[in-house]
$ cat target08.tsv   # TSV, C-alpha atoms
chain	number	residue	atom	x	y	z
A	1342	MET	CA	0.00	0.00	0.00
A	1343	ALA	CA	1.34	3.40	-0.95
A	1344	SER	CA	2.35	5.50	2.01
A	1345	ARG	CA	0.50	8.70	2.83
A	1346	ALA	CA	3.52	10.65	1.67
A	1347	ASP	CA	2.90	9.30	-1.83
A	1348	LEU	CA	-0.66	10.59	-1.81
A	1349	SER	CA	0.41	14.10	-0.86
A	1350	THR	CA	2.51	14.26	-4.02
A	1351	PHE	CA	-0.46	13.48	-6.29
A	1352	ASN	CA	-1.49	16.36	-8.53
A	1353	CYS	CA	-4.99	16.05	-7.11
A	1354	SER	CA	-6.70	17.92	-4.29
A	1355	LEU	CA	-8.79	14.90	-3.37
A	1356	ALA	CA	-5.67	12.78	-2.91
A	1357	ARG	CA	-4.09	15.56	-0.85
A	1358	ALA	CA	-7.22	15.82	1.30
A	1359	VAL	CA	-7.30	12.06	1.70
A	1360	ASP	CA	-3.65	12.13	2.73
A	1361	VAL	CA	-4.64	14.29	5.71
A	1362	VAL	CA	-8.03	12.90	6.70
A	1363	GLY	CA	-8.53	9.70	4.71
A	1364	ASP	CA	-8.22	7.57	7.78
A	1365	PRO	CA	-11.20	6.15	9.65
A	1366	TRP	CA	-10.03	7.28	13.06
A	1367	ALA	CA	-9.08	10.77	11.92
A	1368	LEU	CA	-12.59	11.29	10.56
A	1369	LEU	CA	-14.20	9.91	13.69
A	1370	VAL	CA	-12.06	12.10	15.95
A	1371	LEU	CA	-13.26	15.12	13.96
A	1372	ARG	CA	-16.85	13.98	14.44
A	1373	GLU	CA	-16.23	13.79	18.20
A	1374	VAL	CA	-14.82	17.33	18.25
A	1375	LEU	CA	-17.87	18.59	16.33
A	1376	MET	CA	-20.06	16.91	18.95
A	1377	GLY	CA	-18.26	18.77	21.72
A	1378	ALA	CA	-15.60	16.32	22.90
A	1379	SER	CA	-12.15	17.80	23.38
A	1380	THR	CA	-9.93	15.58	25.53
A	1381	PHE	CA	-7.98	12.41	24.88
A	1382	THR	CA	-10.07	10.60	27.48
A	1383	ALA	CA	-13.34	11.69	25.89
A	1384	PHE	CA	-12.22	10.58	22.42
A	1385	GLN	CA	-10.93	7.31	23.78
A	1386	ARG	CA	-14.14	6.55	25.65
A	1387	ALA	CA	-16.38	7.44	22.70
A	1388	LEU	CA	-14.42	5.56	20.05
A	1389	GLY	CA	-12.88	2.67	21.95
A	1390	VAL	CA	-9.74	3.13	19.89
A	1391	ALA	CA	-6.32	1.99	21.13
A	1392	ARG	CA	-4.45	4.77	22.94
A	1393	ASN	CA	-1.39	4.62	20.70
A	1394	ILE	CA	-3.50	4.93	17.55
A	1395	LEU	CA	-5.56	7.78	18.98
A	1396	SER	CA	-2.38	9.54	20.06
A	1397	ASP	CA	-0.91	9.13	16.58
A	1398	ARG	CA	-4.03	10.46	14.84
A	1399	LEU	CA	-4.29	13.47	17.16
A	1400	GLN	CA	-0.64	14.36	16.58
A	1401	ARG	CA	-1.15	14.01	12.87
A	1402	LEU	CA	-4.25	16.24	12.84
A	1403	VAL	CA	-2.41	18.86	14.89
A	1404	ARG	CA	0.64	18.66	12.62
A	1405	HIS	CA	-1.58	19.23	9.58
A	1406	GLY	CA	-3.29	22.17	11.27
A	1407	VAL	CA	-6.73	20.55	11.41
A	1408	LEU	CA	-6.81	20.54	15.22
A	1409	ARG	CA	-5.10	22.88	17.66
A	1410	ARG	CA	-3.81	21.82	21.07
A	1411	ALA	CA	-5.21	23.88	23.91
A	1412	GLY	CA	-5.51	23.51	27.67
A	1413	SER	CA	-2.59	22.74	29.97
A	1414	ASP	CA	0.23	20.27	29.41
A	1415	ALA	CA	-1.20	18.16	32.19
A	1416	ARG	CA	-4.65	18.19	30.65
A	1417	PRO	CA	-4.44	19.03	26.96
A	1418	SER	CA	-7.57	19.53	24.92
A	1419	TYR	CA	-8.11	19.77	21.20
A	1420	GLU	CA	-10.18	22.19	19.19
A	1421	LEU	CA	-10.91	22.73	15.53
A	1422	THR	CA	-8.89	25.27	13.60
A	1423	ASP	CA	-10.44	27.12	10.64
A	1424	LYS	CA	-8.92	24.42	8.46
A	1425	GLY	CA	-10.56	21.70	10.52
A	1426	ARG	CA	-13.88	23.50	10.64
A	1427	ALA	CA	-13.79	23.73	6.84
A	1428	LEU	CA	-14.08	19.94	6.67
A	1429	THR	CA	-17.62	20.06	8.04
A	1430	PRO	CA	-19.46	19.94	4.69
A	1431	ALA	CA	-17.50	16.83	3.71
A	1432	LEU	CA	-18.19	15.17	7.07
A	1433	VAL	CA	-21.88	16.04	6.95
A	1434	ALA	CA	-22.15	14.77	3.38
A	1435	LEU	CA	-20.52	11.46	4.36
A	1436	MET	CA	-22.74	11.13	7.42
A	1437	GLN	CA	-25.86	11.82	5.36
A	1438	TRP	CA	-24.77	9.24	2.82
A	1439	GLY	CA	-24.34	6.75	5.66
A	1440	ASP	CA	-27.81	7.64	6.95
A	1441	VAL	CA	-29.41	6.75	3.64
A	1442	TRP	CA	-27.28	3.87	2.41
A	1443	GLU	CA	-25.81	2.21	5.50
A	1444	SER	CA	-28.28	3.01	8.29
A	1445	GLY	CA	-31.43	2.03	6.40
A	1446	GLY	CA	-32.77	5.57	6.54
A	1447	LYS	CA	-32.79	5.44	10.35
A	1448	PRO	CA	-30.07	7.91	11.37
A	1449	PRO	CA	-28.57	7.28	14.80
A	1450	VAL	CA	-27.79	10.99	15.00
A	1451	GLU	CA	-29.46	13.89	13.25
A	1452	LEU	CA	-28.23	17.40	12.66
A	1453	ARG	CA	-30.17	20.53	13.45
A	1454	ASP	CA	-29.48	24.23	13.20
A	1455	ALA	CA	-29.36	26.47	16.28
A	1456	GLN	CA	-33.16	26.80	16.19
A	1457	GLY	CA	-33.63	23.04	16.08
A	1458	ARG	CA	-34.61	22.95	12.41
A	1459	GLU	CA	-33.50	20.14	10.09
A	1460	ILE	CA	-30.41	20.30	7.94
A	1461	ALA	CA	-30.87	19.74	4.20
A	1462	PRO	CA	-29.02	17.03	2.26
A	1463	VAL	CA	-25.69	18.43	1.07
A	1464	VAL	CA	-25.73	18.78	-2.72
A	1465	VAL	CA	-23.38	20.06	-5.40
A	1466	ARG	CA	-24.55	23.41	-6.74
A	1467	GLY	CA	-23.53	25.71	-9.54
A	1468	ALA	CA	-22.39	29.28	-8.94
A	1469	ARG	CA	-26.02	30.46	-9.17
A	1470	GLY	CA	-27.20	28.01	-6.54
A	1471	ARG	CA	-28.86	25.46	-8.80
A	1472	ALA	CA	-28.19	21.76	-8.04
A	1473	VAL	CA	-25.88	20.10	-10.59
A	1474	ALA	CA	-26.51	16.45	-11.47
A	1475	VAL	CA	-23.53	14.11	-11.30
A	1476	LYS	CA	-23.80	13.30	-15.01
A	1477	ASP	CA	-23.46	17.01	-15.77
A	1478	LEU	CA	-20.19	17.48	-13.86
A	1479	ARG	CA	-17.16	18.17	-16.02
A	1480	PHE	CA	-13.49	18.21	-15.06
A	1481	VAL	CA	-11.19	20.86	-16.46
A	1482	ALA	CA	-7.52	21.55	-15.82
A	1483	GLY	CA	-7.05	24.14	-13.07
A	1484	PRO	CA	-4.18	26.58	-12.41
A	1485	GLY	CA	-2.34	23.89	-10.43
A	1486	ALA	CA	-2.50	21.19	-13.12
A	1487	ASP	CA	0.74	19.53	-14.17
A	1488	ALA	CA	1.37	18.11	-17.64
A	1489	ARG	CA	0.12	14.66	-16.71
A	1490	THR	CA	-3.14	16.01	-15.28
A	1491	ARG	CA	-3.67	18.07	-18.44
A	1492	ALA	CA	-3.25	14.95	-20.53
A	1493	ARG	CA	-5.61	13.00	-18.24
A	1494	ILE	CA	-8.28	15.67	-18.52
A	1495	ALA	CA	-7.99	15.72	-22.29
A	1496	THR	CA	-8.56	11.95	-22.30
A	1497	SER	CA	-11.37	11.97	-19.78
A	1498	HIS	CA	-13.11	14.69	-21.73
A	1499	GLY	CA	-13.33	12.23	-24.54
A	1500	ALA	CA	-14.93	9.76	-22.16
A	1501	LYS	CA	-17.27	12.44	-20.90
A	1502	ALA	CA	-18.58	13.15	-24.39
A	1503	ARG	CA	-20.67	10.12	-23.51
A	1504	PRO	CA	-21.97	10.98	-20.04
A	1505	VAL	CA	-21.08	8.69	-17.12
A	1506	GLU	CA	-24.61	7.33	-16.84
B	447	MET	CA	-6.21	-0.69	14.57
B	448	ALA	CA	-9.84	-1.70	14.70
B	449	SER	CA	-10.94	-3.71	11.70
B	450	ARG	CA	-13.44	-2.27	9.27
B	451	ALA	CA	-15.99	-4.73	10.58
B	452	ASP	CA	-15.80	-2.97	13.93
B	453	LEU	CA	-16.62	0.36	12.33
B	454	SER	CA	-19.72	-1.01	10.64
B	455	THR	CA	-21.13	-1.88	14.06
B	456	PHE	CA	-20.81	1.69	15.36
B	457	ASN	CA	-24.13	3.41	16.02
B	458	CYS	CA	-22.99	6.21	13.72
B	459	SER	CA	-23.66	6.81	10.04
B	460	LEU	CA	-20.29	8.49	9.57
B	461	ALA	CA	-18.49	5.42	10.92
B	462	ARG	CA	-20.59	3.20	8.67
B	463	ALA	CA	-19.80	5.40	5.66
B	464	VAL	CA	-16.12	5.37	6.57
B	465	ASP	CA	-16.26	1.60	6.83
B	466	VAL	CA	-17.20	1.48	3.14
B	467	VAL	CA	-15.20	4.35	1.64
B	468	GLY	CA	-12.80	5.53	4.35
B	469	ASP	CA	-9.83	4.21	2.47
B	470	PRO	CA	-7.56	6.38	0.33
B	471	TRP	CA	-7.64	4.08	-2.68
B	472	ALA	CA	-11.39	3.55	-2.56
B	473	LEU	CA	-11.93	7.31	-2.68
B	474	LEU	CA	-9.44	7.76	-5.50
B	475	VAL	CA	-11.00	4.95	-7.55
B	476	LEU	CA	-14.35	6.72	-7.22
B	477	ARG	CA	-12.74	9.94	-8.43
B	478	GLU	CA	-11.41	8.08	-11.47
B	479	VAL	CA	-14.85	6.70	-12.26
B	480	LEU	CA	-16.33	10.20	-12.01
B	481	MET	CA	-13.66	11.38	-14.43
B	482	GLY	CA	-14.70	8.73	-16.94
B	483	ALA	CA	-12.29	5.85	-16.26
B	484	SER	CA	-13.91	2.42	-16.07
B	485	THR	CA	-11.36	-0.36	-16.48
B	486	PHE	CA	-8.82	-1.95	-14.18
B	487	THR	CA	-6.03	-0.87	-16.53
B	488	ALA	CA	-7.22	2.74	-16.57
B	489	PHE	CA	-7.43	2.89	-12.76
B	490	GLN	CA	-4.06	1.26	-12.40
B	491	ARG	CA	-2.38	3.63	-14.84
B	492	ALA	CA	-3.95	6.73	-13.28
B	493	LEU	CA	-3.26	5.83	-9.67
B	494	GLY	CA	-0.09	3.77	-9.84
B	495	VAL	CA	-1.53	1.51	-7.16
B	496	ALA	CA	-0.42	-2.11	-6.75
B	497	ARG	CA	-2.64	-4.52	-8.67
B	498	ASN	CA	-3.58	-6.63	-5.66
B	499	ILE	CA	-4.67	-3.56	-3.69
B	500	LEU	CA	-6.66	-2.15	-6.60
B	501	SER	CA	-8.30	-5.53	-7.12
B	502	ASP	CA	-9.22	-5.70	-3.44
B	503	ARG	CA	-10.69	-2.18	-3.39
B	504	LEU	CA	-12.73	-2.77	-6.55
B	505	GLN	CA	-14.15	-6.01	-5.15
B	506	ARG	CA	-14.98	-4.25	-1.93
B	507	LEU	CA	-16.74	-1.35	-3.68
B	508	VAL	CA	-18.73	-3.82	-5.79
B	509	ARG	CA	-19.62	-5.89	-2.72
B	510	HIS	CA	-20.91	-2.78	-0.96
B	511	GLY	CA	-22.94	-1.78	-4.02
B	512	VAL	CA	-20.99	1.42	-4.71
B	513	LEU	CA	-19.73	0.18	-8.08
B	514	ARG	CA	-21.32	-2.27	-10.48
B	515	ARG	CA	-19.35	-4.65	-12.70
B	516	ALA	CA	-20.22	-4.32	-16.38
B	517	GLY	CA	-18.59	-5.32	-19.66
B	518	SER	CA	-17.45	-8.84	-20.47
B	519	ASP	CA	-15.65	-11.29	-18.20
B	520	ALA	CA	-12.58	-10.88	-20.38
B	521	ARG	CA	-12.72	-7.11	-20.16
B	522	PRO	CA	-14.75	-6.05	-17.13
B	523	SER	CA	-15.53	-2.42	-16.53
B	524	TYR	CA	-16.92	-0.64	-13.52
B	525	GLU	CA	-19.61	1.96	-13.25
B	526	LEU	CA	-21.24	3.90	-10.45
B	527	THR	CA	-24.49	2.65	-8.96
B	528	ASP	CA	-27.00	5.09	-7.49
B	529	LYS	CA	-25.35	4.43	-4.15
B	530	GLY	CA	-21.95	5.31	-5.57
B	531	ARG	CA	-23.24	8.37	-7.37
B	532	ALA	CA	-24.71	9.58	-4.08
B	533	LEU	CA	-21.17	9.95	-2.73
B	534	THR	CA	-20.45	12.80	-5.12
B	535	PRO	CA	-21.25	15.68	-2.73
B	536	ALA	CA	-18.85	14.21	-0.16
B	537	LEU	CA	-16.10	13.72	-2.77
B	538	VAL	CA	-16.56	17.21	-4.18
B	539	ALA	CA	-16.51	18.72	-0.68
B	540	LEU	CA	-13.25	16.88	0.13
B	541	MET	CA	-11.70	17.91	-3.17
B	542	GLN	CA	-12.69	21.56	-2.62
B	543	TRP	CA	-11.21	21.41	0.87
B	544	GLY	CA	-8.00	20.07	-0.63
B	545	ASP	CA	-8.03	22.88	-3.21
B	546	VAL	CA	-8.11	25.53	-0.50
B	547	TRP	CA	-6.04	23.98	2.26
B	548	GLU	CA	-3.63	21.56	0.58
B	549	SER	CA	-3.20	22.91	-2.95
B	550	GLY	CA	-2.55	26.53	-1.98
B	551	GLY	CA	-5.70	27.70	-3.75
B	552	LYS	CA	-4.33	26.42	-7.07
B	553	PRO	CA	-6.59	23.49	-7.93
B	554	PRO	CA	-5.05	20.89	-10.25
B	555	VAL	CA	-8.54	20.06	-11.44
B	556	GLU	CA	-11.66	22.20	-11.45
B	557	LEU	CA	-15.28	21.19	-11.73
B	558	ARG	CA	-17.75	22.73	-14.13
B	559	ASP	CA	-21.39	22.13	-14.95
B	560	ALA	CA	-22.50	20.94	-18.41
B	561	GLN	CA	-22.41	24.54	-19.66
B	562	GLY	CA	-18.87	25.06	-18.42
B	563	ARG	CA	-19.87	27.24	-15.49
B	564	GLU	CA	-18.13	27.01	-12.11
B	565	ILE	CA	-19.33	24.84	-9.27
B	566	ALA	CA	-19.97	26.56	-5.93
B	567	PRO	CA	-18.26	25.51	-2.71
B	568	VAL	CA	-20.32	22.78	-1.05
B	569	VAL	CA	-21.88	24.12	2.16
B	570	VAL	CA	-24.22	22.84	4.85
B	571	ARG	CA	-27.68	24.36	4.49
B	572	GLY	CA	-30.86	24.34	6.50
B	573	ALA	CA	-34.15	23.02	5.12
B	574	ARG	CA	-34.94	26.51	3.74
B	575	GLY	CA	-31.64	26.74	1.88
B	576	ARG	CA	-29.79	29.09	4.20
B	577	ALA	CA	-26.15	28.24	5.01
B	578	VAL	CA	-25.68	26.97	8.57
B	579	ALA	CA	-22.46	27.90	10.40
B	580	VAL	CA	-20.53	25.07	12.02
B	581	LYS	CA	-20.94	26.61	15.46
B	582	ASP	CA	-24.72	26.50	14.99
B	583	LEU	CA	-24.89	22.78	14.22
B	584	ARG	CA	-26.58	20.67	16.88
B	585	PHE	CA	-26.70	16.91	17.21
B	586	VAL	CA	-29.89	15.18	18.29
B	587	ALA	CA	-30.72	11.51	18.67
B	588	GLY	CA	-32.31	10.10	15.53
B	589	PRO	CA	-34.70	7.16	15.05
B	590	GLY	CA	-31.73	4.77	14.82
B	591	ALA	CA	-30.06	5.89	18.06
B	592	ASP	CA	-29.18	3.23	20.60
B	593	ALA	CA	-29.06	3.84	24.37
B	594	ARG	CA	-25.38	4.73	24.31
B	595	THR	CA	-25.83	7.29	21.55
B	596	ARG	CA	-28.74	8.84	23.43
B	597	ALA	CA	-26.54	9.20	26.49
B	598	ARG	CA	-23.70	10.66	24.37
B	599	ILE	CA	-26.01	13.22	22.83
B	600	ALA	CA	-27.31	14.25	26.23
B	601	THR	CA	-23.72	14.83	27.36
B	602	SER	CA	-22.61	16.62	24.22
B	603	HIS	CA	-25.60	18.89	24.46
B	604	GLY	CA	-24.17	20.09	27.72
B	605	ALA	CA	-20.89	20.82	25.97
B	606	LYS	CA	-22.73	22.54	23.16
B	607	ALA	CA	-24.40	24.98	25.56
B	608	ARG	CA	-21.06	26.71	25.09
B	609	PRO	CA	-20.59	26.70	21.30
B	610	VAL	CA	-17.58	24.89	19.83
B	611	GLU	CA	-15.79	28.12	18.97
$ encode --input "target08.tsv" --output "structure tokens"
Amino acid sequence: MASRADLSTFNCSLARAVDVVGDPWALLVLREVLMGASTFTAFQRALGVARNILSDRLQRLVRHGVLRRAGSDARPSYELTDKGRALTPALVALMQWGDVWESGGKPPVELRDAQGREIAPVVVRGARGRAVAVKDLRFVAGPGADARTRARIATSHGAKARPVE
Amino acid sequence: MASRADLSTFNCSLARAVDVVGDPWALLVLREVLMGASTFTAFQRALGVARNILSDRLQRLVRHGVLRRAGSDARPSYELTDKGRALTPALVALMQWGDVWESGGKPPVELRDAQGREIAPVVVRGARGRAVAVKDLRFVAGPGADARTRARIATSHGAKARPVE
């Protein structure tokens, strides 16, 4: 299996994101922080994860600037940075997908806004706010594309002339 | 490290989602399919992943109903099922996060709609379409909550009386 370092060198923002948070425990620690947990003990109790693994994942999330260490040395706590908070739409989208496809439509946990109102399913929208169907998504080379990515996109455009579905 | 089977037993839709797709290669294979790739050879060439690992991840995604095997036995291809297609908002949100936080705002690849217009950043919205700030998100027990989750939520509500930030 390729190491995480390999993924970070991919010319692909999804691979780079996955390099940081594409680990089951990393994602579940972030969920715990969103739910209000902040200490090693709280994470450990909620997740039942081995201490050495939890310690490793916390260090990694801090090193990547997703979590920030706060509190005292004797009793450290962890909080989301702006970078960590920015992962929320991805986490909510994954959780909603799990609700529908892996929890039989019976969510163990539901999200509400501050007034207790339901949260909508996360969808991909165009700049004007209209939902974009998956079959209508197109990939184009961005300002950070290398030569290989440009070649890939050219090829995949051919494939996309016939939509995915 | 807990096995994936352990994660599927969590009373948590995020853990259950992560059990299916919380693997770097699984996520990157799905990206390739969205970009129009469909064969083992195409995935292998794009990702540079070892054949045995790719084979394992494809089998796993098919077993979980995220991909469907098509084509002939001699030349199988893979396509998204509805369940797989439903992962798109999560993948796009992760990719956009990577664009901002791991690609220095220079995306290697950009998404467009069928008319070539930009895609908006994926955000969490309330039922009426208004964006909901992370600090305003609340967790409540859903119809699939077990006793432990109910207790957790009760506790985290206490923590949430003081918002996360």
$ residues_around --input "target08.tsv" --residues "Arg1458 of chain A" --least-positions-apart "6" --cutoff "10 Å" --atoms "only C-alpha atoms" --output "count of residues only"
6
$ closest_residue --input "target08.tsv" --among "B:Ala597, B:Ala472, B:Val512, B:Ala463" --to "chain A" --atoms "only C-alpha atoms"
B:Ala463
$ residues_near_point --input "target08.tsv" --point "(-12.7, -6.1, -7.3)" --cutoff "12 Å" --atoms "only C-alpha atoms" --output "list in words"
Ala472, Val475, Thr485, Phe486, Phe489, Arg497, Asn498, Ile499, Leu500, Ser501, Asp502, Arg503, Leu504, Gln505, Arg506, Leu507, Val508, Arg509, His510, Gly511, Val512, Leu513, Arg514, Arg515, Ala516, Pro522, Ser523 and Tyr524 of chain B
$ residues_around --input "target08.tsv" --residues "Arg594 of chain B" --least-positions-apart "6" --cutoff "12 Å" --atoms "all atoms listed in the file" --output "ChimeraX atom specification"
/A:1386-1388,1449-1450 /B:456-458,587,600-601
$ closest_residue --input "target08.tsv" --among "B:Ala520, B:Ala593, B:Leu480, B:Ala488" --to "chain A" --atoms "all atoms listed in the file"
B:Leu480
$ residues_around --input "target08.tsv" --residues "Val569 of chain B" --least-positions-apart "5" --cutoff "12 Å" --atoms "all atoms listed in the file" --output "tab-separated table (two decimals) with C-alpha atoms, in the frame of the given file"
chain	number	residue	atom	x	y	z
A	1426	ARG	CA	-13.88	23.50	10.64
A	1427	ALA	CA	-13.79	23.73	6.84
A	1428	LEU	CA	-14.08	19.94	6.67
A	1429	THR	CA	-17.62	20.06	8.04
A	1430	PRO	CA	-19.46	19.94	4.69
A	1431	ALA	CA	-17.50	16.83	3.71
A	1432	LEU	CA	-18.19	15.17	7.07
A	1433	VAL	CA	-21.88	16.04	6.95
A	1434	ALA	CA	-22.15	14.77	3.38
A	1460	ILE	CA	-30.41	20.30	7.94
A	1461	ALA	CA	-30.87	19.74	4.20
A	1462	PRO	CA	-29.02	17.03	2.26
A	1463	VAL	CA	-25.69	18.43	1.07
A	1464	VAL	CA	-25.73	18.78	-2.72
A	1465	VAL	CA	-23.38	20.06	-5.40
A	1466	ARG	CA	-24.55	23.41	-6.74
A	1467	GLY	CA	-23.53	25.71	-9.54
A	1470	GLY	CA	-27.20	28.01	-6.54
B	535	PRO	CA	-21.25	15.68	-2.73
B	536	ALA	CA	-18.85	14.21	-0.16
B	538	VAL	CA	-16.56	17.21	-4.18
B	539	ALA	CA	-16.51	18.72	-0.68
B	540	LEU	CA	-13.25	16.88	0.13
B	542	GLN	CA	-12.69	21.56	-2.62
B	543	TRP	CA	-11.21	21.41	0.87
B	575	GLY	CA	-31.64	26.74	1.88
B	576	ARG	CA	-29.79	29.09	4.20
B	577	ALA	CA	-26.15	28.24	5.01
B	578	VAL	CA	-25.68	26.97	8.57
B	579	ALA	CA	-22.46	27.90	10.40
B	580	VAL	CA	-20.53	25.07	12.02
$ residues_around --input "target08.tsv" --residues "Leu1348 of chain A" --least-positions-apart "5" --cutoff "7 Å" --atoms "all atoms listed in the file" --output "PyMOL selection string"
chain A and resi 1356-1357+1360
$ axis_aligned_box --input "target08.tsv" --around "segment 466-479 of chain B" --padding-each-side "4 Å" --output "AutoDock Vina command-line options"
--center_x -12.4 --center_y 5.7 --center_z -4.0 --size_x 17.6 --size_y 16.5 --size_z 24.6
$ closest_residue --input "target08.tsv" --among "B:Ser484, B:Gly468, B:Gly494, B:Leu476" --to "chain A" --atoms "only C-alpha atoms"
B:Gly468
$ closest_residue --input "target08.tsv" --among "A:Gly1445, A:Gly1457, A:Gly1425, A:Gly1439" --to "chain B" --atoms "all atoms listed in the file"
A:Gly1439
$ atom_distance --input "target08.tsv" --atom1 "atom CA of Val495 of chain B" --atom2 "atom CA of Asp1364 of chain A"
17.5 Å
$ residues_around --input "target08.tsv" --residues "Gly551 of chain B" --least-positions-apart "6" --cutoff "9 Å" --atoms "only C-alpha atoms" --output "number ranges by chain"
A: 1484-1485; B: 544-545
$ closest_residue --input "target08.tsv" --among "B:Lys581, B:Val466, B:Asp559, B:Trp471" --to "chain A" --atoms "all atoms listed in the file"
B:Asp559
$ closest_residue --input "target08.tsv" --among "B:Gln561, B:Gln490, B:Ser454, B:Ser459" --to "chain A" --atoms "all atoms listed in the file"
B:Ser459
$ atom_distance --input "target08.tsv" --atom1 "atom CA of Thr595 of chain B" --atom2 "atom CA of Asp582 of chain B"
20.3 Å
